[in-house]
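All remarks here apply to the structure that follows.
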Amino acid sequence: MYDRVPPSVARFLRRSGVRVAALGAAFALVLAFGAPASAATGSAAVARGARPTLAPIVPFGCAKVVKGQAQCLGRGRLAPNTTGSPTSSGLKPSDLISAYKLSGTSGAGRTVAIVDAFDDPNAASDLAAYRSAYGLPACTAASGCFQKVNGNGAASPLPTADYGWAEEESLDLDMVSAICPGCRILLVEAAGADTTSLTTAEDTAAANPAVVSISNSWGAAEDSSTLAADSHFNHPGKAITASSGDGGYGVLWPAASPYVTAVGGTSLSTASNARGWTETAWSGAGSGCSTQEPKPAWQTDTGCAHRTVADVSAVADPNTGVAVYDTANSCGGGAFCDLLLSLGLATGADGWVQVGGTSASSPIIASVYALAGNTATVQYGHQPYTNPGALFDVTSGSNGTCTPTYLCTAGAGYDGPTGLGTPNGTGAF
């Protein structure tokens, strides 16, 4: 089979261990549907041809459950030639601003930090492409708006590149850009996905005096070490958010920590109502009772003796997901790379993708905190509980079966999958 492809591709396939059967399937798709369009050059606004049907939802390549390792919490659709243009699929910045009533707000001069693992080698260029496509102000290293550092806060050496985590980082950077285009962004790349590396990066982000909020779009199972590691999220004056998870009912850490705002997930769609949008609980959002974290004083639900997840939420369903631009991948770009990505034979993305997961909702909420400008007095995840009426209450949908039912089924008031609700302006933050 390898003798039917160009020599350079054959060498790549042999190095990657691509099976002949899988390669045969790839060529069968090409014969059936035609080869994907070649990569566009120049502005990110130049569209690729879009497929008539959406690809299956798949977790990012970093979402592997390994004991002692965190997993990033994003899921997306990767079509053979991505999802097309900045407007062909996925929620745009203007959609999110409309849905969450954030028009007219400004976080100018405030910094949102993103903590992830490994390096995204294309972070700056992909961020520039996303912002250019939607007419957002440029945010570059040269202007001081964007900064990328390693887990210890230095510009070099950066960690090893990881294309699954790079997709996560693109999602996080794009969501901060969408919600708070006037904010500065600090990307802190941990050396690895282990707790020690990630919490070192957390402390680095919190030590930056310009940072007002920190987003963590990753999680790990609670174990005997997580209580001791909670101290790395205890940073008064910084609003710290953490994704609740993408596996449905169940709890991950650090979302379970009482020092963070645990962010659940919703499905967000346009509607012919006064708001113009409707939301239900996303079936993949994490929720439930921590097995060991103490219950914060501001949580008054009675179904959990310990900390309850989540606190608030935002869009996370990949079916109603957000548009993201990411070009970091293991196959180099172009038509054949797109095909390998679509078959799961390569990792990363190659342009515009529609993605979701609570990896999207965490940076959204961190950015709303930045817009609100109250983080100097924020006490961990307490702020939304002081004004729940300033949130959109999500009252339908579920992420599983449980007792008591509010821990996995949305209803009036507080519930597990969506917490107190989603942003209705910045009043709750």
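Following the order of the structure tokens, first chain is A, next is B, and so on, with residues numbered from 1 inside each chain and ligands from 1 in the order they appear.
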Original post:
Hey, what's within 10 Å of Arg184 (chain A) if we count only C-alpha atoms and toss same-chain stuff fewer than 6 positions away? As a PyMOL selection string, please?
Top reply: chain A and resi 107-113+139-140+143-147+176-177+210-211
Original post:
Hey, what's within 9 Å of Asp174 (chain A) if we count only C-alpha atoms and toss same-chain stuff fewer than 3 positions away? As a ChimeraX atom specification, please?
Top reply: /A:93,126-127,130-131,169-171,177-179,323-325,363
With C-alpha atoms retained, export the selected residues as a short mmCIF file (atom, residue, chain, number, x, y, z; two decimals), in the first residue's frame.
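This is the output file selection.cif:
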data_model
loop_
_atom_site.label_atom_id
_atom_site.label_comp_id
_atom_site.auth_asym_id
_atom_site.auth_seq_id
_atom_site.Cartn_x
_atom_site.Cartn_y
_atom_site.Cartn_z
CA PRO A 93 -17.46 35.74 19.66
CA ASP A 126 -3.16 30.71 15.83
CA LEU A 127 -4.31 33.32 18.35
CA TYR A 130 -8.57 33.78 15.35
CA ARG A 131 -8.64 37.41 16.42
CA GLU A 169 -4.55 25.80 24.56
CA SER A 170 -5.99 27.20 21.33
CA LEU A 171 -9.50 26.72 22.72
CA SER A 177 -10.32 36.53 23.24
CA ALA A 178 -14.03 36.08 22.50
CA ILE A 179 -15.30 37.11 25.93
CA ALA A 323 -15.32 27.93 16.63
CA VAL A 324 -11.58 27.59 17.34
CA TYR A 325 -8.50 28.01 15.15
CA PRO A 363 -12.03 30.15 30.29
#
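For Thr401 (chain A), the non-local neighbours within 12 Å, defined as residues at least 5 positions apart in the same chain or in other chains and counting only C-alpha atoms, are Gly248, Tyr249, Gly250, Ser283, Ser287, Gly288, Tyr406, Leu407, Cys408, Thr409, Ala410, Gly416 and Pro417 of chain A.
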**OP:** Show which residues sit within 9 Å of Ala412 (chain A), as a PyMOL selection string. Count only C-alpha atoms, and ignore same-chain residues fewer than 5 positions away.
**Re:** chain A and resi 393-396
Requested write-out: N, CA, C and O atoms of the selected residues, as a compact mmCIF listing (two decimals), in the first residue's frame:
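Output saved as again.txt:
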# COMPACT_ATOMS: atom_id res chain seq x y z
N ASP A 393 -30.87 30.95 34.93
CA ASP A 393 -31.10 29.66 35.57
C ASP A 393 -31.39 28.62 34.49
O ASP A 393 -32.28 28.79 33.66
N VAL A 394 -30.64 27.54 34.50
CA VAL A 394 -30.82 26.45 33.52
C VAL A 394 -31.67 25.38 34.20
O VAL A 394 -31.28 24.84 35.24
N THR A 395 -32.81 25.06 33.63
CA THR A 395 -33.80 24.25 34.35
C THR A 395 -34.14 22.92 33.70
O THR A 395 -35.03 22.22 34.17
N SER A 396 -33.42 22.53 32.65
CA SER A 396 -33.71 21.24 32.02
C SER A 396 -32.42 20.59 31.55
O SER A 396 -31.39 21.25 31.40
Subject >> Picked from region 138-245 of chain A by DSSP as strand (DSSP E), as a ChimeraX atom specification >> reply: /A:146-150,184-190,211-216,218-219,239-243
**OP:** Could you tell me how far CA of Ala274 (chain A) lies from CA of Asn387 (chain A), in Å and to one decimal?
**Re:** 21.5 Å
